[in-house]
Amino acid sequence: MKPLLQAGHRGCAGCCDAIAAKFTLMAAGEDCIVVSPTGCLEVMTTPYPESSWNVPFIHSLFENNAAVASGIEAALKAKGEFGKTKIIAMGGDGATLDIGMRSISGAFERGHDFTYVCIDNEAYMNTGVQRSGATPFAASTTTSPAGKVSFGNIRPKKNMPAIMVAHGSPYVTTTSIGYPKDMIRKVKKAVDVEGPTYVHAHSPCTTGWGFDSSKTIEIAKLAVETCLWPLYEMEDGELTKAKKIKNPKPVEDYLKMQRRFKHLFTMEGGDEMIKKIQALADANIEKFGLQ
Amino acid sequence: MKRNFENDKKDMVVVEGSYAVADAVKACRPNVISAYPITPQTHIVEDISQFIADGEIPNCEYLNVESEFSAISALVGSSAAGARSYSATTSQGLELMHEVLFNVSGMRLPVVMTVVNRAVSAPINIWNDHQDSISQRDTGWIQLHAEDTQEASDMTAQAFKIAEDPDILLPVLACLDGFILSHVYEPVVLLDEDLVAEYLPPFEPKFKLDPKNPKTFGAFADPNSYTEFRYLQQQAMNKALKVIEDAADEFYDLFGRHYGGLIDTYETEDADIILMAMGSIVGTIKDVVDKLRAQGVKVGVLKVRSFRPFPAEAIKNAIKGAKVVVALDKNISLGLNEGALFTETKGSLYNTNVNIPIIGFMIGHGGRDIPMSTMEAIVDEAKKVIDSGITVESQFTDLKEELL
């Protein structure tokens, strides 16, 4: 099978966007239309006159991805062409949790039959690692930097999957690019379920998080193994599956490999912050029954 | 205007302007309609929704979106997927769409949108002026203005024809004055669907989102190619000057009604004074012209139908014999103290051999009534310019000094 996302794009070595897009297309197959907002993925794959996409692809703006997708769905329905073709909106966390929130909410409320894949790398990476609503507690970004009186971002991640469940989506799931089989299975399920479905893919960014480009998958796995990123499925509002983590690793194992958390290991009081992060992981274990 | 009223009379029905537009949209057989309610556009989308509910628009999806931003964004997707796509909005809604308007035109998507012209906030005001659509002048949309409800209806079909022309592929704003036209009941001839089908061929774009023939839409253009995209948009605007005229002529051939193409004129042939304006105010001016002509004043009116592309050549030819031109604008560029029609007419004549004094009056802001007496006072000011030259180039009209 020809690669649906062609090699030769301008992504960094170890780029999480390229990995997430590749897995998504492996799941959806060639009969799909991809909608993507402004961001790394669009910039690195479509420098005119080149394109890495061997499926139809459209980029409009930053904040309207789901609205564009709903228009495509409506067009195919109106013209009697709707059926096999999957419509997939793929956007980063900024485009999804922050600026594009309204259009996603509207599209899910209207019940369009499409799948939204959030590639969550926890900050605005395309513009240089600024804080987003998905940036985790105590991460240092360029607009929430650690400093003499700051441990970085003071807020926990916005719980986007819960918001999508609240919209009545028949299928909401979290996944991670560290688990290709998990992600491919879930995207496939999402595109097959009728109605608006949501896949939230945790996606470590080598430049934004500050780790060697060979470590993308390792870091992604550590987020899951420490229970900071639980992998679960919600069907019609009910938790139907969660990946068990028998022996959760301490969050330090995950944090210490990343520049964005480096200050927690050097600043006075950093250990208290790490305890708080461990508490977040422990809460996930409790909430999703990960053990 | 060319129209055989006797011929039309048998087909006339008395309907609200909004209904006439909604019915015209139906006749154009759109595939996707996406809109968000806002006064005074609401009656149009309500009437269309009823058509949908009654199954009167086949092969069409109506999206009740959560904002104007998504209303027009959904049409980016639908138009790129090969669907004839329509929306309607006004004022704040149009301003909210601003970013997407550039995107639609830049991607050469022939979306048609009715704008029911309304003032912009603050202060909040729901009545008519043209500040909303004039503020979109540089977004790359063709912008047409209708004088009455019949023209607003007929302009809808013309807009699709112009937009979808393979040489154009530009979106069109089809404007009518809020309340003055959208909420008035007048006799109109509703568009015959079979005739519209003859006038407007199916929308079959050369490129669309199709898994069998994958294309990339909305690519990233760096300094090596961005200029050429802009240039090609301007080329399409240039071509639209003729296509707008052709669309009006072909419409006349089939339907027997003609309102001008880029512009229309009334009593301008021998006029010393030419008033120029857009939209429903043109009707008022025609009454003033009739009255003053009876008194021997050689006055005429130039209606500008197409604000974008700006018909500089057509305007020049229409006014070149006059002694003074008066531009009436329901908008203002704050900081310049001029309305758009005035600024652009003046600017487009500067390097030509037509050297006629032009003065501007900003008028009817936020729905302020424009009585015939105001228009007559403006003509008196124009007469003074003929006699003694320009004293005030551009000014507000009917200011209430006691409120300042």
# chains A, B, ... in the order shown; residues from 1 in each chain; ligands from 1
>>> residues_around(residues="Pro47 of chain A", least_positions_apart="4", cutoff="12 Å", atoms="only C-alpha atoms", output="list in words")
Gly8, His9, Arg10, Gly11, Cys40, Leu41, Glu42, Val43, Ser51, Ser52, Trp53 and His59 of chain A; Thr216, Phe217, Gly218, Ala219, Phe220, Ala221, Asp222, Pro223, Asn224, Ser225 and Tyr226 of chain B
>>> closest_atom_pairs(of="chain A", to="chain B", cutoff="7 Å", atoms="only C-alpha atoms", output="CSV")
residue,atom,partner,partner_atom,distance
A:Glu30,CA,B:Pro211,CA,6.9
A:Asp31,CA,B:Pro211,CA,5.4
A:Cys32,CA,B:Pro211,CA,6.1
A:Ile33,CA,B:Pro211,CA,6.7
A:Val43,CA,B:Phe220,CA,6.0
A:Thr46,CA,B:Ala219,CA,5.1
A:Pro47,CA,B:Phe220,CA,4.9
A:Tyr48,CA,B:Ala221,CA,5.3
A:Ser51,CA,B:Thr216,CA,6.7
A:Asn54,CA,B:Pro214,CA,6.1
A:Val55,CA,B:Pro214,CA,4.9
A:Pro56,CA,B:Pro214,CA,4.1
A:Phe57,CA,B:Thr216,CA,4.7
A:Ile58,CA,B:Phe217,CA,4.5
A:His59,CA,B:Gly218,CA,4.8
A:Ser60,CA,B:Gly218,CA,5.9
A:Asn64,CA,B:Ser73,CA,6.1
A:Ala67,CA,B:Ala74,CA,4.7
A:Val68,CA,B:Ala74,CA,4.3
A:Ala69,CA,B:Gly77,CA,6.1
A:Ser70,CA,B:Ala74,CA,6.0
A:Gly71,CA,B:Ala74,CA,4.0
A:Ile72,CA,B:Ser78,CA,4.5
A:Ala74,CA,B:Glu61,CA,5.8
A:Ala75,CA,B:Ser78,CA,4.9
A:Ala78,CA,B:Asn59,CA,4.6
A:Lys79,CA,B:Asn59,CA,6.1
A:Ser103,CA,B:Ser70,CA,6.2
A:Gly106,CA,B:Glu66,CA,5.4
>>> write_last_selection(atoms="N, CA and C atoms", output="short mmCIF file (atom, residue, chain, number, x, y, z; two decimals), in the first residue's frame")
data_model
loop_
_atom_site.label_atom_id
_atom_site.label_comp_id
_atom_site.auth_asym_id
_atom_site.auth_seq_id
_atom_site.Cartn_x
_atom_site.Cartn_y
_atom_site.Cartn_z
N GLU A 30 -7.42 4.92 2.41
CA GLU A 30 -7.27 5.99 1.42
C GLU A 30 -8.58 6.69 1.08
N ASP A 31 -9.71 6.06 1.42
CA ASP A 31 -10.99 6.71 1.10
C ASP A 31 -11.39 7.64 2.24
N CYS A 32 -10.63 8.71 2.37
CA CYS A 32 -10.94 9.67 3.43
C CYS A 32 -10.58 11.08 2.97
N ILE A 33 -11.12 12.04 3.67
CA ILE A 33 -10.78 13.45 3.43
C ILE A 33 -10.25 14.00 4.74
N VAL A 43 1.75 23.09 7.99
CA VAL A 43 2.90 23.82 7.46
C VAL A 43 3.95 22.86 6.89
N THR A 46 2.51 20.85 3.50
CA THR A 46 1.94 21.46 2.30
C THR A 46 2.65 22.73 1.84
N PRO A 47 3.99 22.74 1.79
CA PRO A 47 4.64 23.95 1.25
C PRO A 47 4.42 24.00 -0.27
N TYR A 48 3.56 24.90 -0.73
CA TYR A 48 3.25 24.99 -2.16
C TYR A 48 4.52 25.08 -2.99
N SER A 51 3.03 18.68 -1.72
CA SER A 51 2.10 18.19 -0.72
C SER A 51 2.48 16.76 -0.37
N ASN A 54 -1.44 11.95 0.14
CA ASN A 54 -2.00 11.15 -0.94
C ASN A 54 -3.49 10.89 -0.73
N VAL A 55 -4.09 11.68 0.14
CA VAL A 55 -5.54 11.72 0.28
C VAL A 55 -5.93 13.20 0.13
N PRO A 56 -7.21 13.48 -0.20
CA PRO A 56 -7.61 14.88 -0.28
C PRO A 56 -7.43 15.56 1.07
N PHE A 57 -6.87 16.75 1.03
CA PHE A 57 -6.50 17.46 2.26
C PHE A 57 -6.94 18.92 2.14
N ILE A 58 -7.50 19.44 3.21
CA ILE A 58 -7.82 20.87 3.20
C ILE A 58 -7.43 21.51 4.52
N HIS A 59 -6.79 22.65 4.40
CA HIS A 59 -6.48 23.51 5.55
C HIS A 59 -7.16 24.84 5.30
N SER A 60 -7.93 25.30 6.28
CA SER A 60 -8.57 26.61 6.13
C SER A 60 -7.92 27.59 7.10
N ASN A 64 -11.31 26.90 12.86
CA ASN A 64 -12.57 26.48 12.25
C ASN A 64 -12.53 25.05 11.71
N ALA A 67 -15.74 23.03 11.83
CA ALA A 67 -16.78 23.63 10.99
C ALA A 67 -16.54 23.28 9.52
N VAL A 68 -15.29 23.33 9.09
CA VAL A 68 -14.95 22.96 7.71
C VAL A 68 -15.31 21.49 7.48
N ALA A 69 -14.97 20.65 8.46
CA ALA A 69 -15.29 19.23 8.34
C ALA A 69 -16.80 19.02 8.23
N SER A 70 -17.56 19.77 9.01
CA SER A 70 -19.02 19.60 8.96
C SER A 70 -19.57 20.04 7.62
N GLY A 71 -18.95 21.04 7.02
CA GLY A 71 -19.38 21.48 5.69
C GLY A 71 -19.10 20.41 4.63
N ILE A 72 -17.98 19.74 4.76
CA ILE A 72 -17.64 18.66 3.82
C ILE A 72 -18.65 17.52 3.96
N ALA A 74 -21.68 17.73 5.04
CA ALA A 74 -22.96 18.18 4.50
C ALA A 74 -22.96 18.13 2.97
N ALA A 75 -21.83 18.53 2.38
CA ALA A 75 -21.73 18.53 0.91
C ALA A 75 -21.87 17.11 0.36
N ALA A 78 -25.48 16.01 0.72
CA ALA A 78 -26.39 16.69 -0.21
C ALA A 78 -26.24 16.15 -1.63
N LYS A 79 -25.02 15.79 -1.98
CA LYS A 79 -24.78 15.33 -3.35
C LYS A 79 -24.90 13.81 -3.48
N SER A 103 -16.06 25.82 17.41
CA SER A 103 -16.49 25.13 16.19
C SER A 103 -16.58 23.63 16.41
N GLY A 106 -19.89 23.08 18.28
CA GLY A 106 -21.02 23.19 17.35
C GLY A 106 -21.15 21.96 16.46
#
>>> residues_around(residues="Val385 of chain B", least_positions_apart="6", cutoff="9 Å", atoms="only C-alpha atoms", output="short mmCIF file (atom, residue, chain, number, x, y, z; two decimals) with all heavy atoms, in the first residue's frame")
data_model
loop_
_atom_site.label_atom_id
_atom_site.label_comp_id
_atom_site.auth_asym_id
_atom_site.auth_seq_id
_atom_site.Cartn_x
_atom_site.Cartn_y
_atom_site.Cartn_z
N LYS B 323 -20.91 68.64 -14.56
CA LYS B 323 -20.14 69.77 -14.02
C LYS B 323 -19.75 69.54 -12.57
O LYS B 323 -18.81 70.15 -12.06
CB LYS B 323 -20.96 71.06 -14.14
CG LYS B 323 -21.14 71.51 -15.59
CD LYS B 323 -22.00 72.75 -15.70
CE LYS B 323 -22.11 73.19 -17.17
NZ LYS B 323 -23.24 74.12 -17.37
N VAL B 324 -20.50 68.69 -11.90
CA VAL B 324 -20.16 68.32 -10.52
C VAL B 324 -20.74 66.94 -10.23
O VAL B 324 -21.80 66.58 -10.74
CB VAL B 324 -20.68 69.37 -9.50
CG1 VAL B 324 -22.21 69.48 -9.53
CG2 VAL B 324 -20.22 69.04 -8.08
N PRO B 357 -15.12 68.44 -10.44
CA PRO B 357 -15.17 68.51 -8.98
C PRO B 357 -16.11 67.43 -8.41
O PRO B 357 -17.19 67.20 -8.94
CB PRO B 357 -15.71 69.91 -8.68
CG PRO B 357 -16.27 70.42 -9.95
CD PRO B 357 -15.59 69.68 -11.07
N ILE B 358 -15.64 66.76 -7.35
CA ILE B 358 -16.45 65.73 -6.68
C ILE B 358 -16.54 66.09 -5.21
O ILE B 358 -15.52 66.41 -4.58
CB ILE B 358 -15.81 64.33 -6.81
CG1 ILE B 358 -15.55 63.99 -8.28
CG2 ILE B 358 -16.72 63.27 -6.21
CD1 ILE B 358 -14.85 62.66 -8.48
N ILE B 359 -17.75 66.05 -4.70
CA ILE B 359 -17.92 66.24 -3.25
C ILE B 359 -18.62 65.02 -2.67
O ILE B 359 -19.29 64.28 -3.38
CB ILE B 359 -18.70 67.54 -2.92
CG1 ILE B 359 -20.05 67.56 -3.66
CG2 ILE B 359 -17.88 68.76 -3.28
CD1 ILE B 359 -20.95 68.72 -3.25
N THR B 391 -15.98 74.16 -1.39
CA THR B 391 -15.60 74.72 -0.09
C THR B 391 -15.40 73.60 0.94
O THR B 391 -14.43 73.60 1.68
CB THR B 391 -16.67 75.72 0.42
OG1 THR B 391 -17.96 75.10 0.34
CG2 THR B 391 -16.65 76.99 -0.40
#
>>> atom_distance(atom1="atom CA of Phe5 of chain B", atom2="atom CA of Ala152 of chain B")
16.9 Å
>>> select_by_dssp(residues="segment 27-259 of chain A", states="helix (DSSP H, G or I)", output="JSON, numbers by chain")
{"A": [27, 28, 40, 41, 42, 43, 44, 45, 65, 66, 67, 68, 69, 70, 71, 72, 73, 74, 75, 76, 77, 78, 93, 94, 95, 96, 97, 98, 101, 102, 103, 104, 105, 106, 107, 108, 109, 110, 160, 161, 162, 163, 164, 165, 166, 180, 181, 182, 183, 184, 185, 186, 187, 188, 189, 190, 191, 192, 206, 207, 208, 209, 213, 214, 215, 216, 217, 218, 219, 220, 221, 222, 223, 224, 225, 251, 252, 253, 254, 255, 259]}
>>> atom_distance(atom1="atom CA of Leu173 of chain B", atom2="atom CA of Val112 of chain B")
6.2 Å
>>> select_by_dssp(residues="segment 58-105 of chain A", states="strand (DSSP E or B)", output="ChimeraX atom specification")
/A:58-59,86-92
